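Below is one structure, written out as structure tokens; comments come after it.
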Amino acid sequence: MFRDIFDVIPPSPVSLLEMVEKIEKEKGTRIVRFDVAEPMFAPPWNAVKGTMDALLKGKHRYSSSWGVPELRQAISEYLKETRGLEYSVEEILVTTGGKFANFAFFLGLFKPGDAVVLVKPYWTSFKAVPMMLGLKILETWSKEPYHLNEEELKGIMKMRPRGIVVNTPNNPTGGLLDERDVKLLRDLAEDYDLYVLSDEIDWAYLYDGRRFISPASLSQLRDRTIVTDGFSKIFGMTGWRVGFAAGPKALLRRLHAVQEHTVSAPTTFAQYGCLSALEGYVDHINMVVRSCTEKRRIVVDGLSGVKDLECPLPEGGFYVYPRIKTQKFPNAEIFAKDLLEKAGVAVIPGEYFGDTRGHFRLCYAIPDEDLKEGIRRIVKFFE
């Protein structure tokens, strides 16, 4: 039977939606949704107003395929203020969502047959996209919660990869790269001529006084790194579908070519809404992180009493990544299906992230009443 790459690419967590809707309809039970990585926080009001004002002012035609100039300038300032990254306006590309920025990295910088390194566990699209583009994928485990394994990485360099993908805070573990990790990444990139994708979509979700370190903050890595980010996770603007990439002009022009000849440009009035979101963003981000700090405590405290679960306290992000300790479930996929059907709780099994060790991801950026009800159901399920 004919099989092509689309028969074997990993599914996206979005694919669980149909199953959730089916169970809700058949059983008349409301499912607690821990599966969707979509924070429940409302977008900043000025972002909503800025979007409406842009429409009323006729900002509904094509923008430049690089993005609205004012937004590129604001993103340049935002990266400097939040991460100490110095990028000129010419080094900023506004994209149709952060995922498209990642897609353009793979398509723009590599050719079929090139190898890229993925550090497990990884966001599922980091495997699906290069597979679709005919790239070779080299997988290596991180050290928990998300640190680079120097020995494994140096061993994998014998395969002559052309790029490496890092995501900090990591989805799904919530782990953070530290200074030692970033320096190792710098050494590997220099020694083996690697391009680096640094997905920083959750950069602001940090706890217990931890500091975010972007690989691009090291001068030797800057010219080899594409930083991607967006407005979905921090600002709750998932439906706007606006992201961005930052990097040296020589690399960024290749990503721009991908965008220009596929989606043309992000939605114009949505870009103006994002521009408004960057006006006085500090208070909004502080509110979101403060709220998630408490939600993180609720979920970890709630699951810590389950003897068949091990639930470490995440360093960042808005998800926990528990491990199932009981032998009742052969793998996390079977556990997640059972939990959904019997307890009405949706989580993402670790297999979606290249992880077969019995982990699952639970996103806790949901209303407190749903969070507490979902935890109650999980506890009862194990009892």
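By order of appearance in the structure tokens: chains A, B, ..., then residues from 1 within every chain, and ligands from 1 in the order shown.
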
Need to verify the contact set: stretch 15-19 of chain A, 10 Å, only C-alpha atoms, exclusion of same-chain residues closer than 4 positions in sequence. Can you return it as a PyMOL selection string?
chain A and resi 11+23-25+33+35-36+337+340-341+346-348

Residues from last step as file, C-alpha atoms, as an mmCIF file, in the first residue's frame:
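Okay, part.cif is ready:
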data_model
loop_
_atom_site.group_PDB
_atom_site.id
_atom_site.type_symbol
_atom_site.label_atom_id
_atom_site.label_comp_id
_atom_site.auth_asym_id
_atom_site.auth_seq_id
_atom_site.Cartn_x
_atom_site.Cartn_y
_atom_site.Cartn_z
ATOM 1 C CA PRO A 11 -0.370 14.601 15.202
ATOM 2 C CA ILE A 23 -17.423 12.514 24.260
ATOM 3 C CA GLU A 24 -19.127 15.697 25.466
ATOM 4 C CA LYS A 25 -21.975 15.101 23.010
ATOM 5 C CA ARG A 33 -9.645 21.010 29.032
ATOM 6 C CA ASP A 35 -4.952 19.840 26.732
ATOM 7 C CA VAL A 36 -5.030 23.178 24.916
ATOM 8 C CA LYS A 337 -7.690 8.143 26.587
ATOM 9 C CA LEU A 340 -10.796 11.477 29.032
ATOM 10 C CA GLU A 341 -13.458 8.798 28.711
ATOM 11 C CA ALA A 346 -8.315 16.038 28.615
ATOM 12 C CA VAL A 347 -4.492 16.029 28.798
ATOM 13 C CA ILE A 348 -1.773 15.516 26.175
#

Who sits within 10 Å of A:Met131, only C-alpha atoms, same chain under 2 positions skipped, as a VMD selection string
chain A and resid 5 to 6 8 to 10 112 125 to 129 133 to 137

List every residue of stretch 188-351 of chain A that DSSP, applied to the backbone of this structure, assigns to strand (DSSP E or B), and report them as a PDB file with C-alpha atoms, in the first residue's frame.
ATOM      1  CA  TYR A 195      21.861  27.507  12.596  1.00  0.00           C
ATOM      2  CA  VAL A 196      19.867  27.831  15.829  1.00  0.00           C
ATOM      3  CA  LEU A 197      16.113  28.243  16.200  1.00  0.00           C
ATOM      4  CA  SER A 198      15.271  29.720  19.597  1.00  0.00           C
ATOM      5  CA  ASP A 199      11.511  29.562  20.158  1.00  0.00           C
ATOM      6  CA  LEU A 206       9.158  32.561  34.830  1.00  0.00           C
ATOM      7  CA  THR A 225      20.257  32.374  15.618  1.00  0.00           C
ATOM      8  CA  ILE A 226      16.661  33.069  14.638  1.00  0.00           C
ATOM      9  CA  VAL A 227      14.522  34.114  17.603  1.00  0.00           C
ATOM     10  CA  THR A 228      10.786  33.469  17.224  1.00  0.00           C
ATOM     11  CA  ASP A 229       7.984  34.789  19.403  1.00  0.00           C
ATOM     12  CA  GLY A 230       4.417  36.028  19.116  1.00  0.00           C
ATOM     13  CA  GLY A 243       4.137  36.388  15.479  1.00  0.00           C
ATOM     14  CA  PHE A 244       7.612  37.509  14.565  1.00  0.00           C
ATOM     15  CA  ALA A 245      11.142  36.413  13.850  1.00  0.00           C
ATOM     16  CA  ALA A 246      14.323  38.312  14.703  1.00  0.00           C
ATOM     17  CA  LEU A 309       2.000  10.407  39.993  1.00  0.00           C
ATOM     18  CA  GLU A 310       5.237  12.357  40.213  1.00  0.00           C
ATOM     19  CA  GLY A 316       8.510  28.304  33.679  1.00  0.00           C
ATOM     20  CA  TYR A 319       2.014  23.594  32.159  1.00  0.00           C
ATOM     21  CA  VAL A 320       3.125  20.757  34.407  1.00  0.00           C
ATOM     22  CA  ARG A 323       5.031  11.112  35.230  1.00  0.00           C
ATOM     23  CA  ILE A 324       2.730   8.138  35.738  1.00  0.00           C
ATOM     24  CA  VAL A 345     -10.401  15.332  31.723  1.00  0.00           C
ATOM     25  CA  ALA A 346      -8.315  16.038  28.615  1.00  0.00           C
ATOM     26  CA  ILE A 348      -1.773  15.516  26.175  1.00  0.00           C
ATOM     27  CA  PRO A 349       0.262  12.282  26.412  1.00  0.00           C
TER      28      PRO A 349
END

Each stretch 184-282 of chain A residue no farther than 7 Å from stretch 60-78 of chain A, nearest pair in Å, only C-alpha atoms, as CSV:
residue,atom,partner,partner_atom,distance
A:His256,CA,A:Trp66,CA,6.7
A:Glu260,CA,A:Ser65,CA,5.6
A:Ser264,CA,A:Ser65,CA,5.6
A:Ala265,CA,A:Ser65,CA,4.5
A:Pro266,CA,A:Gly67,CA,6.9
A:Thr268,CA,A:Ser63,CA,5.6
A:Phe269,CA,A:His60,CA,5.8
A:Gln271,CA,A:Val68,CA,6.9
A:Leu275,CA,A:Leu71,CA,5.2
A:Leu278,CA,A:Ala74,CA,7.0

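Remark: for A:Val165, the closest of the candidate residues A:Asp208, A:Glu200, A:Asp283, A:Asp338 is A:Glu200 (distances computed over only C-alpha atoms).
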
Quote the spacing between atom CA of A:Ile92 and atom CA of A:Tyr205 in Å to one decimal place.
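We find that atom CA of A:Ile92 and atom CA of A:Tyr205 lie 22.7 Å from each other.
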
For the structure I just gave you, how does DSSP split stretch 180-312 of chain A - specifically, which residues are helix (DSSP H, G or I)? Reply as a CSV table (one decimal) with C-alpha atoms, in the first residue's frame.
chain,number,residue,atom,x,y,z
A,180,ARG,CA,25.8,26.9,30.9
A,181,ASP,CA,23.3,25.5,28.3
A,182,VAL,CA,23.6,28.6,26.2
A,183,LYS,CA,27.4,28.6,26.3
A,184,LEU,CA,27.4,25.0,25.2
A,185,LEU,CA,25.0,25.9,22.4
A,186,ARG,CA,27.4,28.6,21.3
A,187,ASP,CA,30.4,26.3,21.2
A,188,LEU,CA,28.5,23.7,19.2
A,189,ALA,CA,27.2,26.2,16.7
A,190,GLU,CA,30.6,27.7,16.2
A,191,ASP,CA,32.4,24.3,16.0
A,192,TYR,CA,29.9,22.6,13.7
A,215,PRO,CA,20.8,32.2,23.0
A,216,ALA,CA,20.9,35.3,20.8
A,217,SER,CA,22.2,37.3,23.8
A,219,SER,CA,27.5,37.8,20.5
A,220,GLN,CA,28.9,34.6,18.9
A,221,LEU,CA,25.5,33.1,18.6
A,222,ARG,CA,23.6,36.1,17.4
A,238,THR,CA,-4.3,33.6,19.9
A,239,GLY,CA,-6.9,34.5,17.2
A,240,TRP,CA,-4.9,37.4,15.9
A,249,LYS,CA,19.5,40.3,7.8
A,250,ALA,CA,21.3,37.6,5.8
A,251,LEU,CA,19.2,34.9,7.3
A,252,LEU,CA,16.0,36.8,7.8
A,253,ARG,CA,15.7,37.7,4.1
A,254,ARG,CA,15.3,33.9,3.4
A,255,LEU,CA,12.5,33.6,5.9
A,256,HIS,CA,10.9,36.7,4.3
A,257,ALA,CA,11.0,35.1,0.9
A,258,VAL,CA,9.1,32.1,2.3
A,259,GLN,CA,6.4,34.4,3.8
A,260,GLU,CA,6.2,36.6,0.7
A,268,THR,CA,-3.0,44.2,8.6
A,269,PHE,CA,-5.6,45.3,11.3
A,270,ALA,CA,-4.4,42.5,13.6
A,271,GLN,CA,-0.9,43.9,13.4
A,272,TYR,CA,-2.2,47.3,14.6
A,273,GLY,CA,-3.8,45.5,17.5
A,274,CYS,CA,-0.5,43.9,18.4
A,275,LEU,CA,1.1,47.4,18.2
A,276,SER,CA,-1.4,48.6,20.7
A,277,ALA,CA,-0.6,45.6,23.0
A,281,TYR,CA,2.7,45.8,28.3
A,282,VAL,CA,4.5,45.5,31.6
A,283,ASP,CA,1.4,45.6,33.8
A,284,HIS,CA,-0.4,43.0,31.7
A,285,ILE,CA,2.5,40.6,31.8
A,286,ASN,CA,2.9,41.0,35.6
A,287,MET,CA,-0.7,40.2,36.1
A,288,VAL,CA,-0.6,37.1,33.9
A,289,VAL,CA,2.6,35.7,35.6
A,290,ARG,CA,1.2,36.5,39.1
A,291,SER,CA,-2.0,34.6,38.3
A,292,CYS,CA,-0.1,31.6,36.8
A,293,THR,CA,2.2,31.5,39.9
A,294,GLU,CA,-0.8,30.7,42.0
A,295,LYS,CA,-2.3,28.3,39.5
A,296,ARG,CA,1.0,26.4,39.4
A,297,ARG,CA,0.8,26.0,43.2
A,298,ILE,CA,-2.7,24.8,43.0
A,299,VAL,CA,-2.0,22.1,40.4
A,300,VAL,CA,1.2,20.8,41.9
A,301,ASP,CA,-0.2,20.8,45.5
A,302,GLY,CA,-3.3,19.0,44.2
A,303,LEU,CA,-1.4,16.3,42.3
A,304,SER,CA,1.4,15.8,44.9

So how far away is atom CA of A:Val94 from atom CA of A:Thr267, in Å?
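Interatomic distance here is 10.2 Å.
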
Measure the distance from atom CA of A:Ser12 to atom CA of A:Pro312 in Å and round it to one decimal.
24.5 Å

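For the set A:Glu333, A:Asp4, A:Asp53, A:Asp193, the residue with the smallest atom-to-atom gap to A:Arg357 is A:Glu333, counting only C-alpha atoms.
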
List the neighbours of A:Trp203 out to 7 Å using only C-alpha atoms; skip same-chain residues closer than 3 positions along the sequence, and give me the result as a ChimeraX atom specification.
/A:168-169,200,212

What's the 12 Å shell around A:Lys328, counting only C-alpha atoms, without same-chain residues fewer than 4 positions away, as a tab-separated table (two decimals) with C-alpha atoms, in the first residue's frame?
chain	number	residue	atom	x	y	z
A	308	ASP	CA	0.84	7.04	41.33
A	324	ILE	CA	2.73	8.14	35.74
A	332	ALA	CA	0.63	7.67	28.43
A	334	ILE	CA	-3.75	4.80	26.90
A	335	PHE	CA	-3.81	6.71	30.20
A	338	ASP	CA	-8.90	6.45	29.77
A	358	GLY	CA	4.91	7.79	30.75
A	382	PHE	CA	-6.50	7.37	40.52

Contacts of A:Glu139 at 9 Å or less, counting only C-alpha atoms, minus same-chain residues fewer than 4 places along, as JSON, numbers by chain?
{"A": [116, 117, 118, 119, 120, 156, 354]}

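Distance annotation: of A:Tyr352, A:Tyr122, A:Tyr207, A:Phe110, the residue with the minimal separation from A:Val166 is A:Tyr122; atom set is only C-alpha atoms.
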